[in-house]
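Following: one structure in structure tokens, then a few remarks.
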Amino acid sequence: MNNREGRAVQTFISRSEAETEAIGESFARETADGSVIAMYGDLGAGKTAFVRGMARGMGLDCRVSSPTFTIVNEYLGDRELIHFDMYRLSSSDELFDIGWEDYLARGAVCAVEWSENVDDAFFGDEIRLRIEKLSDTERKITIEGGRE
């Protein structure tokens with residue numbers, strides 16, 4: 001399915017944290033290096049669980065945790081995953097101050113939680129991922145952009 005701009009849209013229903021991770025794992029296998037994943041969702045929606053799955057799907061053997069206090073975590077292996085948490089940032093200027101363009105230039109997959117805080121830092125080619133809480137355990141995951 002495509003949206004009005006012709007970008008591919010995929011929707012999944014997850015009924016557990018493990019299912020959210022599995023969706024992230026499958027997604028990452030098909031995600032090209034250099035992709036930026038702009039993530040949106042309320043606190044506790046499952047963004048970090050999705051990134052844990054992404055790391056596994058990219059063949060990275062690491063402990064994935066939310067970079068809320070550090071702003072960025074880097075997971076390195078045959079592929080690179082850079083995990084940002086913009087919750088504590090008040091503008092995209094702060095993101096550029098920590099070297100956003102340098103991170104992009106590395107060609108890693110960049111997963112950005114709380115993207116709404118830095119929306120103007122994206123160039124329009126990012127993959128937009130929304131996680132909505134449907135209940136205590138169910139989530140609706142919408143991926144816009146990337147492969148269909």
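Lettering and numbering for the structure tokens are positional, with chains as A, B, ... in the shown order, residues counted from 1 in each chain, and ligands counted from 1 in the shown order.
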Shell of 7 Å around stretch 76-87 of chain A, only C-alpha atoms, local chain residues under 6 positions omitted, as a list in words = Ala55, Met58, Leu60, Pro67, Thr68, Ala108, Val109, Cys110, Ala111, Val112, Glu113, Trp114, Ser115 and Asn117 of chain A
Export N, CA, C and O atoms of the chosen residues as a PDB file, in the first residue's frame?
```pdb
ATOM      1  N   ALA A  55      18.544  -4.444  15.996  1.00  0.00           N
ATOM      2  CA  ALA A  55      19.941  -4.843  16.235  1.00  0.00           C
ATOM      3  C   ALA A  55      20.121  -6.325  15.937  1.00  0.00           C
ATOM      4  O   ALA A  55      21.074  -6.724  15.256  1.00  0.00           O
ATOM      5  N   MET A  58      20.116  -7.020  12.305  1.00  0.00           N
ATOM      6  CA  MET A  58      21.339  -6.551  11.642  1.00  0.00           C
ATOM      7  C   MET A  58      22.541  -7.399  12.021  1.00  0.00           C
ATOM      8  O   MET A  58      23.666  -7.110  11.626  1.00  0.00           O
ATOM      9  N   LEU A  60      23.770  -7.828  15.068  1.00  0.00           N
ATOM     10  CA  LEU A  60      24.560  -7.205  16.128  1.00  0.00           C
ATOM     11  C   LEU A  60      24.301  -7.921  17.451  1.00  0.00           C
ATOM     12  O   LEU A  60      23.153  -8.105  17.848  1.00  0.00           O
ATOM     13  N   PRO A  67      18.742   5.304  25.026  1.00  0.00           N
ATOM     14  CA  PRO A  67      19.776   6.315  25.275  1.00  0.00           C
ATOM     15  C   PRO A  67      19.198   7.635  25.808  1.00  0.00           C
ATOM     16  O   PRO A  67      19.678   8.704  25.481  1.00  0.00           O
ATOM     17  N   THR A  68      18.162   7.546  26.658  1.00  0.00           N
ATOM     18  CA  THR A  68      17.493   8.746  27.144  1.00  0.00           C
ATOM     19  C   THR A  68      18.473   9.727  27.783  1.00  0.00           C
ATOM     20  O   THR A  68      18.382  10.932  27.556  1.00  0.00           O
ATOM     21  N   ALA A 108      25.656   4.513   8.635  1.00  0.00           N
ATOM     22  CA  ALA A 108      25.016   3.565   9.544  1.00  0.00           C
ATOM     23  C   ALA A 108      23.502   3.696   9.431  1.00  0.00           C
ATOM     24  O   ALA A 108      22.980   4.667   8.892  1.00  0.00           O
ATOM     25  N   VAL A 109      22.791   2.721   9.944  1.00  0.00           N
ATOM     26  CA  VAL A 109      21.350   2.847  10.128  1.00  0.00           C
ATOM     27  C   VAL A 109      21.166   3.690  11.386  1.00  0.00           C
ATOM     28  O   VAL A 109      21.747   3.398  12.427  1.00  0.00           O
ATOM     29  N   CYS A 110      20.383   4.745  11.285  1.00  0.00           N
ATOM     30  CA  CYS A 110      20.133   5.638  12.419  1.00  0.00           C
ATOM     31  C   CYS A 110      18.669   5.521  12.827  1.00  0.00           C
ATOM     32  O   CYS A 110      17.774   5.831  12.038  1.00  0.00           O
ATOM     33  N   ALA A 111      18.429   5.056  14.050  1.00  0.00           N
ATOM     34  CA  ALA A 111      17.075   4.960  14.604  1.00  0.00           C
ATOM     35  C   ALA A 111      16.914   6.098  15.599  1.00  0.00           C
ATOM     36  O   ALA A 111      17.681   6.198  16.553  1.00  0.00           O
ATOM     37  N   VAL A 112      15.911   6.947  15.386  1.00  0.00           N
ATOM     38  CA  VAL A 112      15.759   8.182  16.159  1.00  0.00           C
ATOM     39  C   VAL A 112      14.425   8.167  16.902  1.00  0.00           C
ATOM     40  O   VAL A 112      13.364   8.360  16.311  1.00  0.00           O
ATOM     41  N   GLU A 113      14.485   7.921  18.217  1.00  0.00           N
ATOM     42  CA  GLU A 113      13.288   7.987  19.049  1.00  0.00           C
ATOM     43  C   GLU A 113      12.939   9.441  19.347  1.00  0.00           C
ATOM     44  O   GLU A 113      13.807  10.291  19.398  1.00  0.00           O
ATOM     45  N   TRP A 114      11.650   9.716  19.545  1.00  0.00           N
ATOM     46  CA  TRP A 114      11.148  11.058  19.832  1.00  0.00           C
ATOM     47  C   TRP A 114      11.506  12.027  18.709  1.00  0.00           C
ATOM     48  O   TRP A 114      11.911  13.159  18.936  1.00  0.00           O
ATOM     49  N   SER A 115      11.320  11.578  17.494  1.00  0.00           N
ATOM     50  CA  SER A 115      11.654  12.374  16.313  1.00  0.00           C
ATOM     51  C   SER A 115      10.851  13.665  16.212  1.00  0.00           C
ATOM     52  O   SER A 115      11.298  14.626  15.585  1.00  0.00           O
ATOM     53  N   ASN A 117      10.597  15.871  18.236  1.00  0.00           N
ATOM     54  CA  ASN A 117      11.369  16.965  18.838  1.00  0.00           C
ATOM     55  C   ASN A 117      12.399  17.555  17.884  1.00  0.00           C
ATOM     56  O   ASN A 117      12.939  18.631  18.154  1.00  0.00           O
TER      57      ASN A 117
END
```
All strand (DSSP E or B) residues (DSSP, backbone) inside stretch 21-144 of chain A, as number ranges by chain = A: 36-40, 72-76, 80-85, 109-113, 127-133, 139-144
Now that the selection is made, can you save its residues with N, CA, C and O atoms as a CSV table (one decimal), in the first residue's frame?
```csv
chain,number,residue,atom,x,y,z
A,36,VAL,N,17.7,6.4,7.7
A,36,VAL,CA,17.3,7.0,8.9
A,36,VAL,C,15.9,6.6,9.2
A,36,VAL,O,15.0,6.8,8.4
A,37,ILE,N,15.7,6.1,10.4
A,37,ILE,CA,14.3,5.7,10.9
A,37,ILE,C,13.9,6.7,11.9
A,37,ILE,O,14.4,6.8,13.0
A,38,ALA,N,12.9,7.6,11.5
A,38,ALA,CA,12.3,8.6,12.4
A,38,ALA,C,11.2,7.9,13.2
A,38,ALA,O,10.2,7.5,12.6
A,39,MET,N,11.3,7.7,14.5
A,39,MET,CA,10.4,7.0,15.3
A,39,MET,C,9.5,7.9,16.1
A,39,MET,O,10.0,8.8,16.7
A,40,TYR,N,8.2,7.6,16.2
A,40,TYR,CA,7.2,8.3,16.9
A,40,TYR,C,6.4,7.4,17.7
A,40,TYR,O,6.1,6.3,17.3
A,72,VAL,N,22.7,9.2,22.6
A,72,VAL,CA,23.0,8.4,21.5
A,72,VAL,C,23.8,7.1,22.0
A,72,VAL,O,24.7,7.2,22.9
A,73,ASN,N,23.4,6.0,21.5
A,73,ASN,CA,24.1,4.7,21.7
A,73,ASN,C,24.5,4.2,20.3
A,73,ASN,O,23.8,4.2,19.4
A,74,GLU,N,25.7,3.7,20.3
A,74,GLU,CA,26.2,3.1,19.0
A,74,GLU,C,26.4,1.6,19.2
A,74,GLU,O,27.0,1.1,20.2
A,75,TYR,N,25.9,0.8,18.2
A,75,TYR,CA,26.0,-0.6,18.2
A,75,TYR,C,26.8,-1.0,17.0
A,75,TYR,O,26.3,-0.7,15.9
A,76,LEU,N,28.0,-1.6,17.2
A,76,LEU,CA,28.9,-1.8,16.1
A,76,LEU,C,29.1,-3.3,15.8
A,76,LEU,O,29.1,-4.1,16.8
A,80,GLU,N,26.4,-1.1,11.3
A,80,GLU,CA,26.3,-0.2,12.4
A,80,GLU,C,24.9,0.3,12.6
A,80,GLU,O,24.2,0.7,11.6
A,81,LEU,N,24.5,0.4,13.8
A,81,LEU,CA,23.2,0.9,14.2
A,81,LEU,C,23.5,2.0,15.2
A,81,LEU,O,24.1,1.8,16.3
A,82,ILE,N,23.0,3.2,14.9
A,82,ILE,CA,23.1,4.3,15.9
A,82,ILE,C,21.7,4.7,16.4
A,82,ILE,O,20.8,5.0,15.6
A,83,HIS,N,21.6,4.6,17.7
A,83,HIS,CA,20.3,4.8,18.3
A,83,HIS,C,20.2,6.1,19.1
A,83,HIS,O,21.0,6.3,20.1
A,84,PHE,N,19.4,7.0,18.6
A,84,PHE,CA,19.2,8.3,19.2
A,84,PHE,C,17.9,8.4,20.1
A,84,PHE,O,16.9,7.8,19.7
A,85,ASP,N,18.0,9.1,21.1
A,85,ASP,CA,16.7,9.4,21.9
A,85,ASP,C,16.7,10.9,22.1
A,85,ASP,O,17.5,11.5,22.8
A,109,VAL,N,22.8,2.7,9.9
A,109,VAL,CA,21.3,2.8,10.1
A,109,VAL,C,21.2,3.7,11.4
A,109,VAL,O,21.7,3.4,12.4
A,110,CYS,N,20.4,4.7,11.3
A,110,CYS,CA,20.1,5.6,12.4
A,110,CYS,C,18.7,5.5,12.8
A,110,CYS,O,17.8,5.8,12.0
A,111,ALA,N,18.4,5.1,14.0
A,111,ALA,CA,17.1,5.0,14.6
A,111,ALA,C,16.9,6.1,15.6
A,111,ALA,O,17.7,6.2,16.6
A,112,VAL,N,15.9,6.9,15.4
A,112,VAL,CA,15.8,8.2,16.2
A,112,VAL,C,14.4,8.2,16.9
A,112,VAL,O,13.4,8.4,16.3
A,113,GLU,N,14.5,7.9,18.2
A,113,GLU,CA,13.3,8.0,19.0
A,113,GLU,C,12.9,9.4,19.3
A,113,GLU,O,13.8,10.3,19.4
A,127,ILE,N,12.6,7.0,6.8
A,127,ILE,CA,11.6,6.1,7.0
A,127,ILE,C,10.9,6.5,8.3
A,127,ILE,O,11.5,6.7,9.3
A,128,ARG,N,9.6,6.7,8.3
A,128,ARG,CA,8.8,7.1,9.4
A,128,ARG,C,8.1,5.9,10.1
A,128,ARG,O,7.4,5.2,9.4
A,129,LEU,N,8.4,5.7,11.3
A,129,LEU,CA,7.8,4.6,12.1
A,129,LEU,C,7.0,5.1,13.2
A,129,LEU,O,7.5,5.8,14.1
A,130,ARG,N,5.7,4.7,13.3
A,130,ARG,CA,4.9,5.1,14.4
A,130,ARG,C,4.4,3.9,15.1
A,130,ARG,O,4.0,2.9,14.5
A,131,ILE,N,4.5,4.0,16.4
A,131,ILE,CA,4.0,2.9,17.3
A,131,ILE,C,2.9,3.5,18.2
A,131,ILE,O,3.1,4.4,18.9
A,132,GLU,N,1.7,2.9,18.0
A,132,GLU,CA,0.5,3.4,18.8
A,132,GLU,C,0.1,2.3,19.8
A,132,GLU,O,0.0,1.2,19.4
A,133,LYS,N,-0.1,2.7,21.0
A,133,LYS,CA,-0.7,1.8,22.0
A,133,LYS,C,-2.1,1.6,21.7
A,133,LYS,O,-2.9,2.5,21.7
A,139,ARG,N,0.0,-3.2,20.1
A,139,ARG,CA,0.6,-2.0,19.5
A,139,ARG,C,0.3,-2.1,18.0
A,139,ARG,O,0.3,-3.1,17.4
A,140,LYS,N,0.0,-0.9,17.4
A,140,LYS,CA,-0.1,-0.8,15.9
A,140,LYS,C,1.2,-0.1,15.5
A,140,LYS,O,1.6,1.0,15.9
A,141,ILE,N,1.9,-0.8,14.6
A,141,ILE,CA,3.2,-0.3,14.1
A,141,ILE,C,3.0,0.0,12.6
A,141,ILE,O,2.6,-0.8,11.8
A,142,THR,N,3.2,1.3,12.3
A,142,THR,CA,3.1,1.8,10.9
A,142,THR,C,4.4,2.2,10.4
A,142,THR,O,5.1,3.1,11.1
A,143,ILE,N,4.9,1.7,9.3
A,143,ILE,CA,6.2,2.0,8.7
A,143,ILE,C,5.9,2.7,7.3
A,143,ILE,O,5.2,2.1,6.5
A,144,GLU,N,6.3,3.9,7.2
A,144,GLU,CA,6.1,4.7,5.9
A,144,GLU,C,7.4,5.0,5.3
A,144,GLU,O,8.3,5.6,5.9
```
So which residues of chain A fall under helix (DSSP H, G or I) by DSSP, listed as an NGL selection string?
-> :A and (17-29 or 47-57 or 92-97 or 100-105 or 115-121)
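Distances from A:Val9, A:Ala45, A:Val64, A:Leu95 to A:Asp120 were compared using only C-alpha atoms, and the smallest one belongs to A:Leu95.
Considering the residues A:Ala121, A:Arg88, A:Leu43, A:Glu116 and counting only C-alpha atoms, A:Trp100 has its shortest atom-to-atom contact with A:Ala121.
Taking only C-alpha atoms into account, A:Phe69 lies nearest to A:Leu89 out of the set A:Ser135, A:Leu104, A:Leu89, A:Gly124.
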Near-stretch 17-20 of chain A list (9 Å; only C-alpha atoms; drop same-chain fewer than 6 positions) as a list in words = Gly46, Lys47, Ala49, Phe50, Gly53, Thr137, Glu138, Arg139 and Ile141 of chain A
Residues of the last selection are to be written out with N, CA and C atoms, as a short mmCIF file (atom, residue, chain, number, x, y, z; two decimals), in the first residue's frame.
```
data_model
loop_
_atom_site.label_atom_id
_atom_site.label_comp_id
_atom_site.auth_asym_id
_atom_site.auth_seq_id
_atom_site.Cartn_x
_atom_site.Cartn_y
_atom_site.Cartn_z
N GLY A 46 7.01 1.13 22.86
CA GLY A 46 7.77 0.00 22.34
C GLY A 46 8.87 0.37 21.36
N LYS A 47 9.25 1.64 21.34
CA LYS A 47 10.29 2.08 20.39
C LYS A 47 11.61 1.37 20.66
N ALA A 49 12.07 -1.48 22.21
CA ALA A 49 11.91 -2.91 21.89
C ALA A 49 12.07 -3.12 20.38
N PHE A 50 11.52 -2.22 19.59
CA PHE A 50 11.67 -2.32 18.13
C PHE A 50 13.14 -2.22 17.75
N GLY A 53 15.03 -5.38 18.37
CA GLY A 53 14.83 -6.30 17.25
C GLY A 53 15.65 -5.91 16.04
N THR A 137 -1.08 -4.38 25.98
CA THR A 137 -0.15 -5.28 25.28
C THR A 137 -0.14 -5.09 23.77
N GLU A 138 -1.19 -4.58 23.18
CA GLU A 138 -1.26 -4.46 21.72
C GLU A 138 -0.72 -3.13 21.23
N ARG A 139 0.01 -3.20 20.10
CA ARG A 139 0.55 -2.01 19.46
C ARG A 139 0.26 -2.07 17.96
N ILE A 141 1.90 -0.79 14.60
CA ILE A 141 3.18 -0.30 14.08
C ILE A 141 3.00 0.04 12.61
#
```
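For the residues A:Cys62, A:Val118, A:Ile13, A:Val51, ranking by smallest atom-to-atom distance to A:Phe27 using only C-alpha atoms places A:Val51 first.
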Residues within 6 Å of A:Gly107, only C-alpha atoms, excluding chain neighbours under 2 positions, as a PyMOL selection string = chain A and resi 33-34+104-105
Keeping only all heavy atoms, take the residues you just selected and write them out as a CSV table (one decimal), in the first residue's frame.
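The result, stored in out.csv:
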```csv
chain,number,residue,atom,x,y,z
A,33,ASP,N,21.8,0.1,4.7
A,33,ASP,CA,22.7,1.0,5.5
A,33,ASP,C,22.6,2.4,5.0
A,33,ASP,O,22.3,2.6,3.8
A,33,ASP,CB,24.2,0.5,5.3
A,33,ASP,CG,24.4,-0.9,6.0
A,33,ASP,OD1,23.6,-1.2,6.9
A,33,ASP,OD2,25.4,-1.5,5.6
A,34,GLY,N,22.7,3.3,5.9
A,34,GLY,CA,22.5,4.7,5.6
A,34,GLY,C,21.1,5.2,5.8
A,34,GLY,O,20.8,6.4,5.7
A,104,LEU,N,25.3,10.9,10.2
A,104,LEU,CA,24.7,10.5,8.9
A,104,LEU,C,25.7,10.1,7.9
A,104,LEU,O,25.5,9.2,7.1
A,104,LEU,CB,23.8,11.7,8.4
A,104,LEU,CG,22.6,12.0,9.2
A,104,LEU,CD1,21.9,13.2,8.6
A,104,LEU,CD2,21.6,10.9,9.3
A,105,ALA,N,26.8,10.8,7.9
A,105,ALA,CA,27.9,10.6,6.9
A,105,ALA,C,28.6,9.2,7.1
A,105,ALA,O,29.2,8.7,6.1
A,105,ALA,CB,28.9,11.7,7.0
```
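For the set A:Arg7, A:Thr70, A:Asp42, A:Asp61, the residue with the smallest atom-to-atom gap to A:Asp125 is A:Arg7, counting only C-alpha atoms.
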